[in-house]
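Here's the structure we're looking at; comments come further down.
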Amino acid sequence: MRYIVNGSCVGCGLCTGICPEVFTMTDEGVAKAIDEEVDRDLATALDAMQNCPVQAIEAQE
Ligand code: SF4
């Protein structure tokens, strides 16, 4: 699956702390996900998605 960060991101940095393999901060101060397929069972990525305070992370099969 792939992850995307939508326009709701408030740049709290939580996802990059939980799962730096997938999420990184941009120069604009918001998160973005790597543009690659991610193992669907990658627990830290799921954790980041579920803990984002504004539900800005979406998973696409
Ligand atoms: S956890 Fe959510 S709000 Fe915080 S940086 Fe990541 S995508 Fe943005």
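Note on naming: chains are A, B, ... as they come in the structure tokens, residues start from 1 per chain, ligands start from 1 in the order shown.
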
Site check for ligand 1: residues at most 7 Å away, only C-alpha atoms and all ligand atoms, as a PyMOL selection string:
chain A and resi 5+8-16+30-31+48+51-57

Generate the output file for the selected residues, N, CA and C atoms, as a short mmCIF file (atom, residue, chain, number, x, y, z; two decimals), in the first residue's frame.
```
data_model
loop_
_atom_site.label_atom_id
_atom_site.label_comp_id
_atom_site.auth_asym_id
_atom_site.auth_seq_id
_atom_site.Cartn_x
_atom_site.Cartn_y
_atom_site.Cartn_z
N VAL A 5 -0.36 12.04 2.68
CA VAL A 5 -0.73 13.02 3.69
C VAL A 5 -1.59 14.07 3.01
N SER A 8 -4.98 18.34 5.47
CA SER A 8 -5.34 18.63 6.86
C SER A 8 -4.15 18.67 7.80
N CYS A 9 -2.99 18.22 7.33
CA CYS A 9 -1.80 18.13 8.20
C CYS A 9 -1.50 19.48 8.84
N VAL A 10 -1.27 19.43 10.17
CA VAL A 10 -0.92 20.65 10.90
C VAL A 10 0.56 20.69 11.28
N GLY A 11 1.32 19.72 10.77
CA GLY A 11 2.77 19.75 10.97
C GLY A 11 3.23 19.46 12.38
N CYS A 12 2.49 18.63 13.10
CA CYS A 12 2.87 18.35 14.49
C CYS A 12 4.13 17.49 14.60
N GLY A 13 4.44 16.74 13.55
CA GLY A 13 5.66 15.93 13.54
C GLY A 13 5.52 14.55 14.16
N LEU A 14 4.34 14.23 14.63
CA LEU A 14 4.16 12.94 15.30
C LEU A 14 4.45 11.76 14.37
N CYS A 15 3.96 11.82 13.16
CA CYS A 15 4.13 10.68 12.25
C CYS A 15 5.60 10.45 11.90
N THR A 16 6.34 11.52 11.75
CA THR A 16 7.76 11.36 11.40
C THR A 16 8.54 10.78 12.58
N VAL A 30 5.02 20.71 6.73
CA VAL A 30 4.00 19.66 6.82
C VAL A 30 4.66 18.33 6.49
N ALA A 31 3.92 17.26 6.80
CA ALA A 31 4.47 15.93 6.54
C ALA A 31 4.17 15.49 5.12
N ALA A 48 1.20 5.51 13.03
CA ALA A 48 1.24 6.93 12.69
C ALA A 48 -0.10 7.38 12.14
N ASN A 51 -2.72 7.57 14.86
CA ASN A 51 -2.48 8.56 15.92
C ASN A 51 -2.38 10.00 15.42
N CYS A 52 -2.45 10.20 14.13
CA CYS A 52 -2.44 11.57 13.61
C CYS A 52 -3.63 12.32 14.22
N PRO A 53 -3.39 13.46 14.84
CA PRO A 53 -4.47 14.16 15.55
C PRO A 53 -5.54 14.74 14.64
N VAL A 54 -5.26 14.87 13.36
CA VAL A 54 -6.26 15.47 12.46
C VAL A 54 -6.63 14.54 11.29
N GLN A 55 -6.33 13.26 11.46
CA GLN A 55 -6.64 12.26 10.41
C GLN A 55 -6.16 12.70 9.02
N ALA A 56 -4.93 13.16 8.99
CA ALA A 56 -4.39 13.65 7.70
C ALA A 56 -3.70 12.56 6.88
N ILE A 57 -3.56 11.39 7.47
CA ILE A 57 -2.85 10.30 6.76
C ILE A 57 -3.88 9.32 6.20
#
```

So which residues touch Leu42 of chain A within 12 Å, counting only C-alpha atoms, skipping near sequence neighbours fewer than 5 positions away, as a ChimeraX atom specification?
/A:1-3,18-22,37,47-49,59

Next, write the just-selected residues to a file, as a PDB file, in the first residue's frame, keeping N, CA and C atoms as the atom set.
```pdb
ATOM      1  N   MET A   1       0.833  -1.186   0.000  1.00  0.00           N
ATOM      2  CA  MET A   1       0.000   0.000   0.000  1.00  0.00           C
ATOM      3  C   MET A   1       0.877   1.249   0.000  1.00  0.00           C
ATOM      4  N   ARG A   2       0.232   2.348  -0.296  1.00  0.00           N
ATOM      5  CA  ARG A   2       0.917   3.631  -0.238  1.00  0.00           C
ATOM      6  C   ARG A   2       0.204   4.513   0.768  1.00  0.00           C
ATOM      7  N   TYR A   3       0.969   5.421   1.346  1.00  0.00           N
ATOM      8  CA  TYR A   3       0.375   6.397   2.266  1.00  0.00           C
ATOM      9  C   TYR A   3       0.441   7.763   1.624  1.00  0.00           C
ATOM     10  N   ILE A  18       7.126   8.600  14.802  1.00  0.00           N
ATOM     11  CA  ILE A  18       6.716   7.202  14.935  1.00  0.00           C
ATOM     12  C   ILE A  18       7.256   6.360  13.789  1.00  0.00           C
ATOM     13  N   CYS A  19       7.235   6.890  12.595  1.00  0.00           N
ATOM     14  CA  CYS A  19       7.603   6.096  11.422  1.00  0.00           C
ATOM     15  C   CYS A  19       8.426   6.902  10.422  1.00  0.00           C
ATOM     16  N   PRO A  20       9.697   7.169  10.755  1.00  0.00           N
ATOM     17  CA  PRO A  20      10.537   7.947   9.854  1.00  0.00           C
ATOM     18  C   PRO A  20      10.863   7.221   8.549  1.00  0.00           C
ATOM     19  N   GLU A  21      10.580   5.905   8.509  1.00  0.00           N
ATOM     20  CA  GLU A  21      10.819   5.156   7.260  1.00  0.00           C
ATOM     21  C   GLU A  21       9.863   5.619   6.165  1.00  0.00           C
ATOM     22  N   VAL A  22       8.695   6.113   6.566  1.00  0.00           N
ATOM     23  CA  VAL A  22       7.665   6.460   5.584  1.00  0.00           C
ATOM     24  C   VAL A  22       7.384   7.961   5.538  1.00  0.00           C
ATOM     25  N   GLU A  37       5.707   1.968  -2.566  1.00  0.00           N
ATOM     26  CA  GLU A  37       4.890   0.949  -1.909  1.00  0.00           C
ATOM     27  C   GLU A  37       5.469   0.659  -0.527  1.00  0.00           C
ATOM     28  N   ASP A  47       0.447   2.803  12.956  1.00  0.00           N
ATOM     29  CA  ASP A  47       0.422   3.559  14.203  1.00  0.00           C
ATOM     30  C   ASP A  47       0.363   5.055  13.933  1.00  0.00           C
ATOM     31  N   ALA A  48       1.200   5.506  13.033  1.00  0.00           N
ATOM     32  CA  ALA A  48       1.242   6.930  12.694  1.00  0.00           C
ATOM     33  C   ALA A  48      -0.101   7.377  12.140  1.00  0.00           C
ATOM     34  N   MET A  49      -0.662   6.576  11.240  1.00  0.00           N
ATOM     35  CA  MET A  49      -1.952   6.933  10.643  1.00  0.00           C
ATOM     36  C   MET A  49      -3.033   7.027  11.720  1.00  0.00           C
ATOM     37  N   ALA A  59      -4.372   5.790   3.665  1.00  0.00           N
ATOM     38  CA  ALA A  59      -3.709   4.641   3.060  1.00  0.00           C
ATOM     39  C   ALA A  59      -4.449   4.263   1.784  1.00  0.00           C
TER      40      ALA A  59
END
```

Enumerate, as a PyMOL selection string, the complete set of residues in chain A that a backbone-based DSSP assignment places in strand (DSSP E).
chain A and resi 2-5+23-25+31-33+57-60

Which residues, written as a PDB file with all heavy atoms, in the first residue's frame, have at least one atom at most 7 Å from Lys32 of chain A, with only C-alpha atoms counted and residues fewer than 2 positions away on the same chain left out?
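Below is the file that was written, part.pdb:
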```
ATOM      1  N   ILE A   4      -0.570   8.555   1.892  1.00  0.00           N
ATOM      2  CA  ILE A   4      -0.519   9.957   1.479  1.00  0.00           C
ATOM      3  C   ILE A   4      -0.909  10.832   2.663  1.00  0.00           C
ATOM      4  O   ILE A   4      -1.665  10.412   3.534  1.00  0.00           O
ATOM      5  CB  ILE A   4      -1.433  10.280   0.276  1.00  0.00           C
ATOM      6  CG1 ILE A   4      -2.887   9.970   0.602  1.00  0.00           C
ATOM      7  CG2 ILE A   4      -0.993   9.560  -0.973  1.00  0.00           C
ATOM      8  CD1 ILE A   4      -3.827  10.704  -0.317  1.00  0.00           C
ATOM      9  N   VAL A   5      -0.362  12.040   2.677  1.00  0.00           N
ATOM     10  CA  VAL A   5      -0.726  13.021   3.693  1.00  0.00           C
ATOM     11  C   VAL A   5      -1.590  14.067   3.006  1.00  0.00           C
ATOM     12  O   VAL A   5      -1.186  14.678   2.013  1.00  0.00           O
ATOM     13  CB  VAL A   5       0.530  13.678   4.303  1.00  0.00           C
ATOM     14  CG1 VAL A   5       0.139  14.762   5.299  1.00  0.00           C
ATOM     15  CG2 VAL A   5       1.411  12.615   4.975  1.00  0.00           C
ATOM     16  N   PHE A  23       7.432   8.636   6.694  1.00  0.00           N
ATOM     17  CA  PHE A  23       7.008  10.038   6.743  1.00  0.00           C
ATOM     18  C   PHE A  23       8.181  10.973   7.003  1.00  0.00           C
ATOM     19  O   PHE A  23       9.055  10.685   7.820  1.00  0.00           O
ATOM     20  CB  PHE A  23       5.942  10.227   7.824  1.00  0.00           C
ATOM     21  CG  PHE A  23       4.737   9.370   7.600  1.00  0.00           C
ATOM     22  CD1 PHE A  23       4.561   8.185   8.313  1.00  0.00           C
ATOM     23  CD2 PHE A  23       3.780   9.724   6.657  1.00  0.00           C
ATOM     24  CE1 PHE A  23       3.458   7.374   8.086  1.00  0.00           C
ATOM     25  CE2 PHE A  23       2.672   8.916   6.426  1.00  0.00           C
ATOM     26  CZ  PHE A  23       2.513   7.744   7.144  1.00  0.00           C
ATOM     27  N   THR A  24       8.152  12.087   6.314  1.00  0.00           N
ATOM     28  CA  THR A  24       9.197  13.093   6.500  1.00  0.00           C
ATOM     29  C   THR A  24       8.547  14.470   6.461  1.00  0.00           C
ATOM     30  O   THR A  24       7.432  14.627   5.953  1.00  0.00           O
ATOM     31  CB  THR A  24      10.264  12.949   5.385  1.00  0.00           C
ATOM     32  OG1 THR A  24      11.324  13.862   5.640  1.00  0.00           O
ATOM     33  CG2 THR A  24       9.685  13.236   4.018  1.00  0.00           C
ATOM     34  N   MET A  25       9.228  15.462   7.027  1.00  0.00           N
ATOM     35  CA  MET A  25       8.683  16.815   7.011  1.00  0.00           C
ATOM     36  C   MET A  25       9.229  17.563   5.796  1.00  0.00           C
ATOM     37  O   MET A  25      10.402  17.443   5.441  1.00  0.00           O
ATOM     38  CB  MET A  25       9.077  17.585   8.279  1.00  0.00           C
ATOM     39  CG  MET A  25       8.553  16.982   9.583  1.00  0.00           C
ATOM     40  SD  MET A  25       6.770  16.786   9.646  1.00  0.00           S
ATOM     41  CE  MET A  25       6.241  18.493   9.881  1.00  0.00           C
ATOM     42  N   THR A  26       8.396  18.354   5.181  1.00  0.00           N
ATOM     43  CA  THR A  26       8.827  19.159   4.040  1.00  0.00           C
ATOM     44  C   THR A  26       9.320  20.524   4.530  1.00  0.00           C
ATOM     45  O   THR A  26       9.123  20.892   5.687  1.00  0.00           O
ATOM     46  CB  THR A  26       7.652  19.403   3.068  1.00  0.00           C
ATOM     47  OG1 THR A  26       6.717  20.278   3.726  1.00  0.00           O
ATOM     48  CG2 THR A  26       6.978  18.107   2.685  1.00  0.00           C
ATOM     49  N   VAL A  30       5.023  20.706   6.725  1.00  0.00           N
ATOM     50  CA  VAL A  30       4.002  19.663   6.815  1.00  0.00           C
ATOM     51  C   VAL A  30       4.655  18.327   6.485  1.00  0.00           C
ATOM     52  O   VAL A  30       5.766  18.275   5.972  1.00  0.00           O
ATOM     53  CB  VAL A  30       2.810  19.930   5.857  1.00  0.00           C
ATOM     54  CG1 VAL A  30       2.050  21.164   6.285  1.00  0.00           C
ATOM     55  CG2 VAL A  30       3.282  20.023   4.418  1.00  0.00           C
ATOM     56  N   ILE A  34       6.656   8.908   1.737  1.00  0.00           N
ATOM     57  CA  ILE A  34       7.486   8.510   0.607  1.00  0.00           C
ATOM     58  C   ILE A  34       6.591   8.009  -0.514  1.00  0.00           C
ATOM     59  O   ILE A  34       5.523   7.461  -0.280  1.00  0.00           O
ATOM     60  CB  ILE A  34       8.498   7.405   0.986  1.00  0.00           C
ATOM     61  CG1 ILE A  34       7.778   6.161   1.536  1.00  0.00           C
ATOM     62  CG2 ILE A  34       9.511   7.932   1.981  1.00  0.00           C
ATOM     63  CD1 ILE A  34       8.694   4.955   1.639  1.00  0.00           C
TER      64      ILE A  34
END
```

Measuring atom to atom with only C-alpha atoms, identify which of A:Arg40, A:Gly17, A:Asp35, A:Asp27 is nearest to Glu61 of chain A.
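Between A:Arg40, A:Gly17, A:Asp35, A:Asp27, the residue approaching Glu61 of chain A most closely is A:Arg40.
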